[in-house]
>>> print(open('input15.txt').read())   # compact mmCIF, C-alpha atoms and all ligand atoms
# COMPACT_ATOMS: atom_id res chain seq x y z
CA MET A 1 21.71 31.55 -44.93
CA LYS A 2 21.97 35.31 -44.63
CA VAL A 3 24.64 36.45 -42.18
CA ILE A 4 24.58 40.03 -40.92
CA ILE A 5 27.60 41.14 -38.89
CA THR A 6 27.12 44.05 -36.53
CA GLU A 7 29.50 46.23 -34.59
CA ASN A 8 28.13 45.18 -31.19
CA TYR A 9 25.28 43.67 -29.17
CA ASP A 10 23.15 46.82 -29.33
CA GLU A 11 23.23 47.02 -33.09
CA MET A 12 22.50 43.28 -33.30
CA SER A 13 19.49 43.72 -31.02
CA LYS A 14 18.14 46.68 -32.99
CA LYS A 15 18.41 44.92 -36.34
CA ALA A 16 16.79 41.77 -35.00
CA ALA A 17 13.89 43.77 -33.53
CA GLU A 18 13.36 45.50 -36.87
CA ILE A 19 12.88 42.11 -38.53
CA ILE A 20 10.28 41.02 -35.94
CA ILE A 21 8.49 44.37 -36.14
CA ASP A 22 8.21 44.05 -39.93
CA ILE A 23 6.78 40.55 -39.60
CA VAL A 24 4.16 41.71 -37.09
CA LYS A 25 3.27 44.82 -39.11
CA ASN A 26 2.72 42.66 -42.20
CA ASN A 27 0.79 40.06 -40.25
CA PRO A 28 -0.75 41.28 -36.97
CA LYS A 29 -1.69 37.67 -36.15
CA ALA A 30 1.87 36.43 -36.57
CA ILE A 31 3.04 33.41 -34.61
CA LEU A 32 6.40 34.17 -33.02
CA GLY A 33 8.69 31.38 -31.90
CA LEU A 34 10.62 32.86 -29.00
CA ALA A 35 13.84 32.08 -27.16
CA THR A 36 15.43 32.85 -23.82
CA GLY A 37 19.04 33.45 -22.81
CA SER A 38 21.08 36.65 -22.78
CA SER A 39 21.22 36.91 -26.57
CA PRO A 40 17.62 38.04 -27.28
CA ILE A 41 17.19 40.33 -24.22
CA GLY A 42 18.29 43.45 -26.14
CA MET A 43 15.97 42.56 -29.00
CA TYR A 44 13.07 42.21 -26.55
CA LYS A 45 13.93 45.64 -25.08
CA ASN A 46 13.70 47.14 -28.57
CA LEU A 47 10.36 45.42 -29.17
CA ALA A 48 9.01 46.87 -25.91
CA LYS A 49 10.23 50.32 -26.95
CA ALA A 50 8.54 50.00 -30.35
CA TYR A 51 5.30 49.00 -28.64
CA GLU A 52 5.51 51.91 -26.16
CA SER A 53 6.06 54.40 -28.96
CA GLY A 54 2.98 53.07 -30.78
CA GLU A 55 4.97 51.70 -33.71
CA VAL A 56 3.66 48.16 -33.36
CA SER A 57 1.01 46.20 -31.48
CA PHE A 58 1.20 42.58 -30.38
CA LYS A 59 -2.48 42.36 -29.46
CA GLU A 60 -3.25 39.55 -31.87
CA VAL A 61 0.17 37.93 -31.94
CA SER A 62 0.69 34.52 -30.41
CA SER A 63 3.93 32.91 -29.30
CA VAL A 64 5.50 29.52 -28.76
CA ASN A 65 8.70 29.24 -26.76
CA LEU A 66 11.52 26.84 -27.40
CA ASP A 67 12.10 25.27 -24.04
CA GLU A 68 11.74 25.17 -20.27
CA TYR A 69 13.72 23.71 -17.38
CA VAL A 70 12.26 20.62 -15.76
CA GLY A 71 11.41 21.06 -12.10
CA LEU A 72 10.89 24.82 -12.08
CA THR A 73 7.38 26.23 -11.74
CA ALA A 74 6.33 29.17 -13.91
CA ASP A 75 6.85 31.60 -11.01
CA HIS A 76 10.43 30.50 -10.25
CA ASN A 77 12.64 33.44 -11.18
CA GLN A 78 14.93 31.27 -13.31
CA SER A 79 12.12 29.56 -15.21
CA TYR A 80 11.79 30.53 -18.84
CA ALA A 81 8.10 31.34 -18.24
CA TYR A 82 9.24 33.98 -15.72
CA PHE A 83 11.99 35.19 -18.07
CA MET A 84 9.49 35.78 -20.88
CA ARG A 85 7.11 37.78 -18.69
CA ASP A 86 9.95 39.74 -17.17
CA ASN A 87 11.79 40.54 -20.41
CA LEU A 88 8.95 40.84 -22.89
CA PHE A 89 5.35 39.90 -22.17
CA ASN A 90 4.88 42.34 -19.26
CA HIS A 91 6.10 45.20 -21.48
CA ILE A 92 3.93 44.71 -24.58
CA ASP A 93 0.21 44.20 -25.25
CA ILE A 94 0.39 40.49 -26.12
CA ASP A 95 -2.50 38.53 -24.60
CA LEU A 96 -0.88 36.13 -22.09
CA LYS A 97 -3.49 33.54 -23.10
CA ASN A 98 -1.82 33.44 -26.51
CA THR A 99 1.67 32.76 -25.14
CA ASN A 100 2.86 29.19 -24.89
CA LEU A 101 5.76 27.38 -23.25
CA PRO A 102 6.23 23.77 -22.34
CA SER A 103 5.56 23.32 -18.63
CA GLY A 104 8.58 22.27 -16.61
CA SER A 105 6.45 21.27 -13.64
CA ALA A 106 4.03 18.93 -15.41
CA ALA A 107 3.66 15.65 -13.51
CA ASP A 108 3.65 13.64 -16.72
CA THR A 109 6.47 14.96 -18.92
CA GLN A 110 5.65 12.73 -21.89
CA ALA A 111 2.02 13.93 -21.88
CA GLU A 112 3.31 17.51 -21.73
CA CYS A 113 5.64 16.92 -24.70
CA ASP A 114 2.74 15.36 -26.65
CA ARG A 115 0.56 18.37 -25.83
CA TYR A 116 3.25 20.78 -26.98
CA ASN A 117 3.91 18.88 -30.22
CA ALA A 118 0.18 18.89 -31.01
CA LEU A 119 0.06 22.63 -30.29
CA LEU A 120 3.00 23.26 -32.62
CA GLU A 121 1.12 21.47 -35.40
CA THR A 122 -1.52 24.21 -35.17
CA LYS A 123 0.95 27.05 -34.59
CA LYS A 124 3.57 27.04 -37.30
CA GLN A 125 6.02 29.82 -36.42
CA ASP A 126 6.18 32.69 -38.89
CA VAL A 127 9.59 33.26 -37.41
CA GLN A 128 11.56 31.26 -34.88
CA VAL A 129 14.01 33.27 -32.81
CA LEU A 130 17.10 31.34 -31.72
CA GLY A 131 20.19 31.88 -29.62
CA LEU A 132 23.20 29.60 -29.95
CA GLY A 133 24.77 27.50 -27.24
CA SER A 134 28.56 27.63 -27.09
CA ASN A 135 28.48 23.91 -27.97
CA GLY A 136 26.26 24.62 -30.97
CA HIS A 137 22.93 23.75 -29.35
CA ILE A 138 19.67 25.35 -30.43
CA GLY A 139 16.80 25.39 -27.95
CA PHE A 140 18.07 22.69 -25.63
CA ASN A 141 18.92 20.34 -28.47
CA GLU A 142 22.36 19.29 -27.38
CA PRO A 143 25.01 17.73 -29.68
CA ASN A 144 23.96 14.40 -31.21
CA THR A 145 20.21 15.11 -31.03
CA PRO A 146 18.69 13.59 -34.20
CA PHE A 147 17.52 16.17 -36.73
CA GLY A 148 14.08 14.49 -36.75
CA SER A 149 13.51 15.13 -33.04
CA VAL A 150 10.33 16.75 -31.74
CA THR A 151 9.58 18.19 -28.28
CA GLN A 152 11.10 15.90 -25.71
CA LEU A 153 12.68 15.56 -22.30
CA VAL A 154 16.41 16.23 -22.62
CA ASP A 155 19.43 15.83 -20.36
CA LEU A 156 21.58 18.96 -20.35
CA THR A 157 25.28 18.56 -21.03
CA GLU A 158 27.86 19.59 -18.46
CA SER A 159 28.96 22.49 -20.70
CA THR A 160 25.40 23.89 -20.87
CA ILE A 161 24.92 23.47 -17.12
CA LYS A 162 28.16 25.36 -16.60
CA ASP A 163 27.26 28.11 -19.10
CA ASN A 164 23.85 28.61 -17.50
CA SER A 165 25.08 28.43 -13.91
CA ARG A 166 25.98 32.15 -14.07
CA LEU A 167 22.27 32.87 -13.63
CA PHE A 168 21.82 30.68 -10.53
CA SER A 169 23.31 31.18 -7.08
CA SER A 170 25.23 27.92 -7.40
CA ILE A 171 25.83 25.34 -10.13
CA ASP A 172 23.98 22.75 -8.02
CA GLU A 173 20.78 24.70 -8.51
CA VAL A 174 20.85 24.47 -12.30
CA PRO A 175 18.25 21.92 -13.43
CA ARG A 176 19.79 18.89 -15.15
CA GLN A 177 16.90 18.38 -17.55
CA ALA A 178 14.62 20.41 -19.76
CA LEU A 179 11.72 20.06 -22.15
CA SER A 180 12.80 21.33 -25.53
CA MET A 181 11.19 21.80 -28.89
CA GLY A 182 12.96 19.37 -31.21
CA ILE A 183 15.04 20.22 -34.24
CA LYS A 184 12.18 19.20 -36.53
CA ASN A 185 9.83 21.66 -34.75
CA ILE A 186 12.41 24.42 -35.21
CA MET A 187 13.02 23.62 -38.88
CA ASN A 188 9.26 23.67 -39.45
CA ALA A 189 9.22 27.47 -38.88
CA LYS A 190 8.63 29.59 -41.97
CA SER A 191 11.74 31.61 -41.19
CA ILE A 192 14.49 31.60 -38.59
CA LEU A 193 16.19 34.54 -36.93
CA MET A 194 19.27 33.83 -34.85
CA VAL A 195 21.02 36.38 -32.63
CA VAL A 196 24.55 35.60 -31.44
CA SER A 197 27.12 37.68 -29.66
CA GLY A 198 30.45 37.21 -27.94
CA LYS A 199 33.81 35.53 -28.57
CA ASN A 200 32.78 32.34 -26.74
CA LYS A 201 30.30 31.65 -29.57
CA ALA A 202 32.76 32.20 -32.44
CA GLU A 203 33.71 28.54 -32.88
CA ALA A 204 30.05 27.44 -32.90
CA VAL A 205 29.18 30.22 -35.39
CA ARG A 206 31.93 29.06 -37.73
CA GLY A 207 30.72 25.45 -37.59
CA MET A 208 27.11 26.50 -38.06
CA VAL A 209 27.82 28.65 -41.13
CA LYS A 210 30.81 26.96 -42.75
CA GLY A 211 31.17 23.51 -41.25
CA GLU A 212 29.66 20.23 -42.31
CA ILE A 213 26.02 19.58 -41.51
CA THR A 214 26.24 17.24 -38.55
CA THR A 215 24.29 16.36 -35.43
CA ALA A 216 27.58 16.94 -33.56
CA LEU A 217 26.82 20.67 -34.04
CA PRO A 218 23.01 20.94 -33.97
CA ALA A 219 22.89 24.50 -35.38
CA SER A 220 24.57 23.30 -38.60
CA VAL A 221 21.14 21.92 -39.58
CA LEU A 222 20.10 25.52 -40.28
CA GLN A 223 22.09 25.34 -43.52
CA LEU A 224 19.20 23.20 -44.79
CA HIS A 225 16.49 25.80 -44.05
CA PRO A 226 15.62 28.18 -46.93
CA PHE A 227 15.00 31.33 -44.85
CA VAL A 228 17.58 31.83 -42.11
CA THR A 229 18.98 35.17 -40.97
CA ILE A 230 21.85 35.14 -38.53
CA ILE A 231 22.69 38.43 -36.88
CA CYS A 232 25.97 38.28 -35.03
CA ASP A 233 28.29 40.82 -33.55
CA LYS A 234 31.94 41.14 -34.63
CA ASP A 235 33.19 38.94 -31.81
CA ALA A 236 30.85 36.05 -32.62
CA ALA A 237 31.73 36.41 -36.31
CA SER A 238 35.49 36.58 -35.69
CA LEU A 239 36.19 33.08 -37.09
CA LEU A 240 34.09 33.43 -40.25
C1 LIG A 301 20.29 28.29 -23.27
C2 LIG A 301 18.92 28.21 -24.01
C3 LIG A 301 19.09 28.45 -25.47
C4 LIG A 301 19.97 29.67 -25.65
C5 LIG A 301 21.37 29.34 -25.26
C6 LIG A 301 22.34 30.52 -25.33
O1 LIG A 301 20.75 27.08 -22.82
N1 LIG A 301 18.19 27.00 -23.83
O2 LIG A 301 17.82 28.61 -26.07
O3 LIG A 301 19.98 30.05 -26.99
O4 LIG A 301 21.42 28.74 -24.00
O5 LIG A 301 22.17 31.36 -24.25
P1 LIG A 301 22.79 32.80 -24.15
O6 LIG A 301 22.07 33.62 -25.14
O7 LIG A 301 22.51 33.24 -22.74
O8 LIG A 301 24.22 32.66 -24.43
>>> encode(input="input15.txt", output="structure tokens")
Amino acid sequence: MKVIITENYDEMSKKAAEIIIDIVKNNPKAILGLATGSSPIGMYKNLAKAYESGEVSFKEVSSVNLDEYVGLTADHNQSYAYFMRDNLFNHIDIDLKNTNLPSGSAADTQAECDRYNALLETKKQDVQVLGLGSNGHIGFNEPNTPFGSVTQLVDLTESTIKDNSRLFSSIDEVPRQALSMGIKNIMNAKSILMVVSGKNKAEAVRGMVKGEITTALPASVLQLHPFVTIICDKDAASLL
């Protein structure tokens, strides 16, 4: 596990974008595993800037996203499909046909999970971007999710619902369930790039990097992956 500690969020975002840009320059057909949340927004801004300046093209890149809320359609402004268009896809030359997320509005959720798992078999991520939940979740794999899990319907914990309620007009509007890539799908990526910032993540960062490998802290599984880079700001790294 390589841990890079930065001065602040901006430096974290810049460094993370540099890693993605290198991957895409080396392999223009790279498969990017992408994440939502506040953590990668700055990185996405830097990727858009690099595209605008002609430094990199995403024309042949494809993407697979980690997760989606159940019950929100792709045009709902809190859906992760909307987030990805708004924060990244609308600002680069990626072909939207090559972008993939689980659908939160599928009538048959099990069929949708099966579809997504089959897709992931054919699209092994060259890099999987991750944020970190304050309770140590990755994707929406909440504490006690088995490490062998694949894409499935998950119940969100109260702490995640509370954390994510800042983006909704009231906590009652936060969906209680999501479809999430499983831990096995994440660990299957060739490399993993995590971005973490803020004091509220410090405890989870410590457990992830230095604690025992346990399903009680899902991100601790990353200690078992051979190519993980964690970029965290000083606040998130304050307990290391
Ligand atoms: C959400 C997402 C995760 C994300 C995490 C942290 O619940 N499902 O993929 O990494 O929470 O979010 P943030 O970066 O906003 O703190």
>>> atom_distance(input="input15.txt", atom1="CA of Asp86 in chain A", atom2="CA of Ile41 in chain A")
10.1 Å
>>> residues_near_ligand(input="input15.txt", ligand="ligand LIG 301 (chain A)", cutoff="7 Å", atoms="only C-alpha atoms and all ligand atoms", output="MDAnalysis selection string")
chainID A and resid 35:40 66:67 130:133 138:140 160 164
>>> write_last_selection(input="input15.txt", atoms="C-alpha atoms", output="PDB file, in the coordinates of the input")
ATOM      1  CA  ALA A  35      13.840  32.080 -27.160  1.00  0.00           C
ATOM      2  CA  THR A  36      15.430  32.850 -23.820  1.00  0.00           C
ATOM      3  CA  GLY A  37      19.040  33.450 -22.810  1.00  0.00           C
ATOM      4  CA  SER A  38      21.080  36.650 -22.780  1.00  0.00           C
ATOM      5  CA  SER A  39      21.220  36.910 -26.570  1.00  0.00           C
ATOM      6  CA  PRO A  40      17.620  38.040 -27.280  1.00  0.00           C
ATOM      7  CA  LEU A  66      11.520  26.840 -27.400  1.00  0.00           C
ATOM      8  CA  ASP A  67      12.100  25.270 -24.040  1.00  0.00           C
ATOM      9  CA  LEU A 130      17.100  31.340 -31.720  1.00  0.00           C
ATOM     10  CA  GLY A 131      20.190  31.880 -29.620  1.00  0.00           C
ATOM     11  CA  LEU A 132      23.200  29.600 -29.950  1.00  0.00           C
ATOM     12  CA  GLY A 133      24.770  27.500 -27.240  1.00  0.00           C
ATOM     13  CA  ILE A 138      19.670  25.350 -30.430  1.00  0.00           C
ATOM     14  CA  GLY A 139      16.800  25.390 -27.950  1.00  0.00           C
ATOM     15  CA  PHE A 140      18.070  22.690 -25.630  1.00  0.00           C
ATOM     16  CA  THR A 160      25.400  23.890 -20.870  1.00  0.00           C
ATOM     17  CA  ASN A 164      23.850  28.610 -17.500  1.00  0.00           C
TER      18      ASN A 164
END
>>> residues_around(input="input15.txt", residues="Asn87 in chain A", least_positions_apart="4", cutoff="10 Å", atoms="all atoms listed in the file", output="VMD selection string")
chain A and resid 36 40 to 45 48 82 to 83 91 to 92
>>> residues_around(input="input15.txt", residues="range 185-194 of chain A", least_positions_apart="3", cutoff="10 Å", atoms="all atoms listed in the file", output="number ranges by chain")
A: 1-3, 16, 19-20, 31-35, 39-40, 66, 117, 120-121, 123-132, 138-139, 147-151, 180-182, 221-222, 224-232
>>> atom_distance(input="input15.txt", atom1="CA of Ser62 in chain A", atom2="CA of Asn100 in chain A")
8.0 Å
>>> axis_aligned_box(input="input15.txt", around="range 214-229 of chain A", padding_each_side="4 Å", output="AutoDock Vina command-line options")
--center_x 21.3 --center_y 25.8 --center_z -40.2 --size_x 20.6 --size_y 26.8 --size_z 21.4
>>> atom_distance(input="input15.txt", atom1="CA of Ser169 in chain A", atom2="CA of Tyr80 in chain A")
16.5 Å
